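Chemist: Sharing a structure, written as structure tokens. Questions coming.
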Amino acid sequence: MRKRYRYAMLVACLLLTVASSAFANSGTGASTSGAWTLAQLTDLSGKLGTAIGQTTRPQLSAYLQQVKSVADAAIATPGLSHDEGLATKGTLENALQLAMDAGGAAGVWTDTPFIVYDVPALSPEKRLPNTIPTDGEISDQIRVVSAQGDFEASSFVIVPLADAASVTFTVNDLQGTAGTIPASEVDLRVVKTWYQGGTAWQSYFYDDTKDVLTPELLLHDENLILVDHETKRNSLRVDYPAGSQYVDISGSPPAAFSSFTAPVEDSEVLLPIELKQGESKQIWITTKVPSGTAEGIYTGTINMTADGVPAGQLTLKIRVFPFELPSPKTYYDLDKDFYTMIYHNARMKDTLQGFSGDVQLSETRLRNHYRNLVEHNIINLPTNTSIDVNNPQVFLRQLELMEEAGMDLNPLFGVGPLFPSNEDYSIWTQYLQAKAAYEADPTPQNQELMEQRYAAYEQTLVAPKAYVQQAFDIVTQSLGHTNVYFDAWDEAEWNRLLWQQEMWRYVKEDIGAKIYATGHDNHFNLEVKEDFLNWVGDPTREKSEGWHELGDDKIITNYAHPHSGPENPDLMRQRHGMWLYKANYDAVYNYIWYFESPYVNPWADYVDATYRAFGFVYPTQTDVIDTLAWEGFREGIDDIRYATKLKQLAESALNSGDSARAAAASKALDWLEETDERKTSSDMLRLGIIDHIMKLLDLENGN
């Protein structure tokens, strides 16, 4: 009972922190208004003077006084420009916020060159150098709750009171009553802000009218990217054998770039970071609790130095739960897998081509890519490639590498295209024209022409049918099962759907394989329907129920709500997690992990005049750079895994014959159904699920 009490108190504190974050510091943060007056600036300066007199922190007092002095000089300047006045207003408001927050955080960061805020990692708040967190609190404690074997994110923001050329962090082992979590399982990265198009935080559509600072990259070496604030352009360091160079990756369009030929890599560990007075910087923590770690609270420290001098210490506490997360199941049926997928370019064929046939380098890159995907919950990765049926070894090696990384190849999605060549589409349209002419005027001549055109169309199916049969045989013999999906034409219009019907019938009835296609409600009108529909847009129960009514084996997902691209981690968590899950969908399968081609620079924020760059990560030569959005994706799938655990425990309780357990299970399921995932904070929803899980476990164990 004592363990459970400690757990309840911890969850209560976390709930209070999350619940109050929407109201914390309300109305006193840095202004987003574009207006100011001298009277406002004078009033703010006076309030700051009062705050300075009340602070007991020496370094904070000196910093605030410096802010006030600079602001007073600006206020006294005749003809103060609009931008200078706005900047002065923001700086004064930030300083006042910092003073107020510090006044409520006695005993921490009292004589240090910076002040630290504990902040929610996956926040919709855009953390920029000129802002103070409005959803966090000054603290020297970082608290994490985690299942066994799971990754969890936490974060803190450093507000520098003085410049520091080199700030370092040393993580120590976390000790618990039942064991140790090694420091090696704690990864620190700096959140890099750089310039992106004006819509970057929320959209994949491109706004080239302005470039805005956007937090996105999770780096071990913050100097991998240089940001020019005057030109608002970004440069990427490329470590050529002859020496390192910074390559401009901005522009519309940017210069050509290849991650295969440009030796770009991040550091394997966090390097010292630089702090500039008054410019906030966010640090990201990823913890991995090893499988089998005993339940309990594990405590360690993160020691900080600034220019070689001790500069404070953070305490990191991880509450480890007595369970591991299951593979995700669908909300509507615990016996059905929820498939975790993503479009990608991590293909053996293309990688070999990019590296001019270098097998070792290709496999190194793919191993790292597949590891990263699995660590972010992508278990059902489609192959997204075609098979050379005359030389299938390259394709089969890709399957081996995917399986080695921990991916599930049953079912196997994206085995290859099942449609005729696009060059043959005109033959189909000629048949449609002849058919329409015959139906309008059923003469023998028109009938003969229609039959000739149909025969020509059927001839175009000979090669794709042979390919699909050979590909099916190769894959099924290698995997030992026939649960494979071929890809139909992407986003096909109606006539192009009709063009594929004969191939769909052949694949389903003659070969025994399955079909995946993107589309929308017009697919309901097809005679031969695919098995897996990726329905563009907002996921709803009406859509999923309509599709499921066509057969128990029908599965559905969605894409482009939004595509990858927005950097907001909370948005990406919602849209790839509980929104899909509670809409009774069967999978997550969005476009795209990252995109690179001879015409698209994967490091630039530009595809064309309409679209920003699609992508969750950025490719280096042998690995990828994670982002806020990619971490949001991982947590979205983890939300589904926690909900799956809750439903599994509830099902066991309902079947137990124990009235108390059954009552708690019914309450938990009712709560999960009634809680609106579109209006409830993702963190609150997760903690609510955990609360019900722990109550059901207590009852199951007789507590």
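Ordering of the structure tokens sets the chain letters (A, B, ...); residue numbers start at 1 within each chain; ligands are numbered from 1 in the order shown.
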Could you find all residues in stretch 474-515 of chain A that DSSP calls strand (DSSP E) from the backbone, and write them as a ChimeraX atom specification?
Modeler: /A:485-487,514-515
Chemist: Let's see if you can do this: from backbone DSSP, list all alpha helix (DSSP H) residues in stretch 13-252 of chain A, as a PyMOL selection string.
Modeler: chain A and resi 13-21+38-54+58-75+82-103
Chemist: Taking only residues of stretch 94-149 of chain A that have an atom at most 10 Å from an atom of stretch 85-90 of chain A, what is each one's shortest atom pair and its distance in Å to one decimal, using only C-alpha atoms, in chain and number order, as JSON lines?
Modeler:
{"residue": "A:Asn94", "atom": "CA", "partner": "A:Gly90", "partner_atom": "CA", "distance": 6.1}
{"residue": "A:Ala95", "atom": "CA", "partner": "A:Gly90", "partner_atom": "CA", "distance": 8.6}
{"residue": "A:Leu96", "atom": "CA", "partner": "A:Gly90", "partner_atom": "CA", "distance": 9.9}
{"residue": "A:Asn130", "atom": "CA", "partner": "A:Gly90", "partner_atom": "CA", "distance": 8.0}
{"residue": "A:Thr131", "atom": "CA", "partner": "A:Gly90", "partner_atom": "CA", "distance": 8.4}
Chemist: Leaving out stretch 478-494 of chain A and any residue of its chain fewer than 2 positions from it, which residues lie within 8 Å of it when counting only C-alpha atoms, given as a VMD selection string?
Modeler: chain A and resid 396 409 to 419 472 474 to 476 496 to 498 500 512 to 519 522
Chemist: Pull N, CA and C atoms from the residues just selected and write them as a compact mmCIF listing (two decimals), in the first residue's frame.
Modeler:
# COMPACT_ATOMS: atom_id res chain seq x y z
N LEU A 396 15.19 -9.09 -50.72
CA LEU A 396 15.16 -10.03 -49.60
C LEU A 396 16.13 -9.61 -48.50
N LEU A 409 6.99 -8.76 -39.98
CA LEU A 409 6.79 -8.91 -41.42
C LEU A 409 5.55 -9.73 -41.74
N ASN A 410 4.67 -9.92 -40.76
CA ASN A 410 3.40 -10.63 -41.00
C ASN A 410 2.26 -9.85 -40.33
N PRO A 411 1.51 -9.09 -41.13
CA PRO A 411 1.53 -9.00 -42.59
C PRO A 411 2.70 -8.17 -43.10
N LEU A 412 2.95 -8.31 -44.40
CA LEU A 412 3.94 -7.47 -45.05
C LEU A 412 3.21 -6.53 -46.00
N PHE A 413 3.38 -5.24 -45.75
CA PHE A 413 2.72 -4.22 -46.56
C PHE A 413 3.68 -3.68 -47.61
N GLY A 414 3.10 -3.11 -48.67
CA GLY A 414 3.89 -2.41 -49.67
C GLY A 414 4.83 -3.30 -50.43
N VAL A 415 4.38 -4.51 -50.80
CA VAL A 415 5.26 -5.47 -51.48
C VAL A 415 5.66 -4.96 -52.86
N GLY A 416 4.78 -4.19 -53.51
CA GLY A 416 5.10 -3.68 -54.84
C GLY A 416 3.86 -3.22 -55.55
N PRO A 417 4.01 -2.56 -56.70
CA PRO A 417 2.86 -2.08 -57.46
C PRO A 417 2.16 -3.21 -58.18
N LEU A 418 0.82 -3.12 -58.28
CA LEU A 418 0.08 -4.17 -58.96
C LEU A 418 -0.65 -3.65 -60.19
N PHE A 419 -0.34 -2.44 -60.62
CA PHE A 419 -1.08 -1.85 -61.74
C PHE A 419 -0.23 -1.88 -63.01
N PHE A 472 4.83 -12.33 -55.65
CA PHE A 472 4.11 -13.03 -54.59
C PHE A 472 4.82 -14.33 -54.22
N ILE A 474 7.99 -15.12 -54.61
CA ILE A 474 9.29 -14.83 -53.97
C ILE A 474 9.09 -14.46 -52.51
N VAL A 475 8.14 -13.56 -52.25
CA VAL A 475 7.94 -13.06 -50.89
C VAL A 475 7.37 -14.15 -49.99
N THR A 476 6.38 -14.86 -50.47
CA THR A 476 5.73 -15.85 -49.61
C THR A 476 6.65 -17.04 -49.32
N ARG A 496 -9.23 5.90 -63.42
CA ARG A 496 -8.01 5.14 -63.14
C ARG A 496 -8.28 4.00 -62.16
N LEU A 497 -9.27 4.18 -61.29
CA LEU A 497 -9.69 3.07 -60.43
C LEU A 497 -10.30 1.94 -61.27
N LEU A 498 -11.16 2.31 -62.21
CA LEU A 498 -11.76 1.30 -63.08
C LEU A 498 -10.69 0.58 -63.90
N GLN A 500 -7.88 -0.31 -62.99
CA GLN A 500 -7.19 -1.30 -62.16
C GLN A 500 -8.06 -2.48 -61.74
N GLY A 512 -4.45 -14.64 -54.39
CA GLY A 512 -4.70 -14.76 -52.96
C GLY A 512 -3.97 -13.75 -52.12
N ALA A 513 -3.52 -12.67 -52.75
CA ALA A 513 -2.89 -11.58 -52.02
C ALA A 513 -3.92 -10.50 -51.71
N LYS A 514 -3.46 -9.42 -51.06
CA LYS A 514 -4.37 -8.35 -50.65
C LYS A 514 -3.93 -7.03 -51.28
N ILE A 515 -4.82 -6.05 -51.21
CA ILE A 515 -4.61 -4.80 -51.92
C ILE A 515 -4.74 -3.63 -50.96
N TYR A 516 -3.81 -2.69 -51.11
CA TYR A 516 -3.83 -1.42 -50.38
C TYR A 516 -4.00 -0.29 -51.37
N ALA A 517 -4.82 0.70 -51.00
CA ALA A 517 -4.99 1.86 -51.88
C ALA A 517 -5.32 3.10 -51.06
N THR A 518 -4.91 4.25 -51.56
CA THR A 518 -5.33 5.53 -51.00
C THR A 518 -6.59 5.99 -51.73
N GLY A 519 -7.42 6.76 -51.02
CA GLY A 519 -8.63 7.22 -51.67
C GLY A 519 -9.61 7.84 -50.71
N ASN A 522 -15.48 7.33 -52.78
CA ASN A 522 -15.87 6.73 -54.05
C ASN A 522 -15.40 5.28 -54.18
Chemist: Identify which of the residues A:Ala466, A:Val600, A:Leu352, A:Val119 lies closest to A:Arg397, counting only C-alpha atoms when measuring atom-to-atom distances.
Modeler: A:Leu352
Chemist: I'd like the neighbourhood of A:Val190 as a VMD selection string, where a residue qualifies if any of its atoms comes within 7 Å (using only C-alpha atoms), though same-chain residues fewer than 5 positions away should be ignored.
Modeler: chain A and resid 218 to 220 222 282 to 284
Chemist: Can you write out the residues you just picked, keeping N, CA and C atoms, as a PDB file, in the first residue's frame?
Modeler:
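New file part22.pdb:
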ATOM      1  N   LEU A 218      16.562  17.986 -32.796  1.00  0.00           N
ATOM      2  CA  LEU A 218      17.122  17.481 -31.539  1.00  0.00           C
ATOM      3  C   LEU A 218      18.563  17.058 -31.826  1.00  0.00           C
ATOM      4  N   LEU A 219      19.503  17.886 -31.375  1.00  0.00           N
ATOM      5  CA  LEU A 219      20.906  17.705 -31.755  1.00  0.00           C
ATOM      6  C   LEU A 219      21.788  17.416 -30.547  1.00  0.00           C
ATOM      7  N   HIS A 220      22.800  16.606 -30.778  1.00  0.00           N
ATOM      8  CA  HIS A 220      23.891  16.470 -29.813  1.00  0.00           C
ATOM      9  C   HIS A 220      24.927  17.568 -30.018  1.00  0.00           C
ATOM     10  N   GLU A 222      24.988  21.284 -31.361  1.00  0.00           N
ATOM     11  CA  GLU A 222      24.166  22.391 -31.838  1.00  0.00           C
ATOM     12  C   GLU A 222      24.828  23.148 -32.982  1.00  0.00           C
ATOM     13  N   GLN A 282      16.243  25.301 -24.908  1.00  0.00           N
ATOM     14  CA  GLN A 282      15.563  24.093 -24.423  1.00  0.00           C
ATOM     15  C   GLN A 282      16.465  22.876 -24.555  1.00  0.00           C
ATOM     16  N   ILE A 283      16.473  22.056 -23.514  1.00  0.00           N
ATOM     17  CA  ILE A 283      17.203  20.784 -23.511  1.00  0.00           C
ATOM     18  C   ILE A 283      16.189  19.651 -23.434  1.00  0.00           C
ATOM     19  N   TRP A 284      16.395  18.655 -24.268  1.00  0.00           N
ATOM     20  CA  TRP A 284      15.483  17.513 -24.377  1.00  0.00           C
ATOM     21  C   TRP A 284      16.111  16.300 -23.699  1.00  0.00           C
TER      22      TRP A 284
END
Chemist: Provide the atom CA of A:Lys529 to atom CA of A:Ala455 distance in Å, to one decimal place.
Modeler: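 So the two atoms, atom CA of A:Lys529 and atom CA of A:Ala455, lie 23.5 Å apart.
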Chemist: Using only C-alpha atoms, which of the listed residues (A:Gln141, A:Thr177, A:Thr55, A:Gln277) sits closest to A:Val159?
Modeler: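 Among A:Gln141, A:Thr177, A:Thr55, A:Gln277, it is A:Gln277 that comes nearest to A:Val159.
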Chemist: Find the spatial neighbours of stretch 258-264 of chain A, counting only C-alpha atoms, within a cut-off of 7 Å - ignore same-chain residues fewer than 3 positions away - and output them as a list in words.
Modeler: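 Counting only the stated atoms, we get Arg237, Val238, Asp239, Tyr240, Gly354, Phe355, Pro619, Thr620 and Gln621 of chain A.
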Chemist: Could you name the residues that touch A:Val309 at 10 Å or less, counting only C-alpha atoms, but leaving out those on the same chain fewer than 2 positions away, as a PyMOL selection string?
Modeler: chain A and resi 166-168+304-307+311-312
Chemist: Excluding A:Lys543 and residues on its chain fewer than 2 positions from it, collect all residues at most 9 Å away from it, counting only C-alpha atoms, and give them as a list of chain:residue names.
Modeler: A:Asp521, A:Trp535, A:Pro539, A:Thr540, A:Arg541, A:Glu545, A:Gly546, A:Trp547, A:His548, A:Ile556, A:Ala583, A:Tyr585
Chemist: Nearest residue to A:Phe633 out of A:Ala256, A:Ile342, A:Leu325, A:Val507, using only C-alpha atoms?
Modeler: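 Ranked by minimum distance to A:Phe633, first place goes to A:Ile342.
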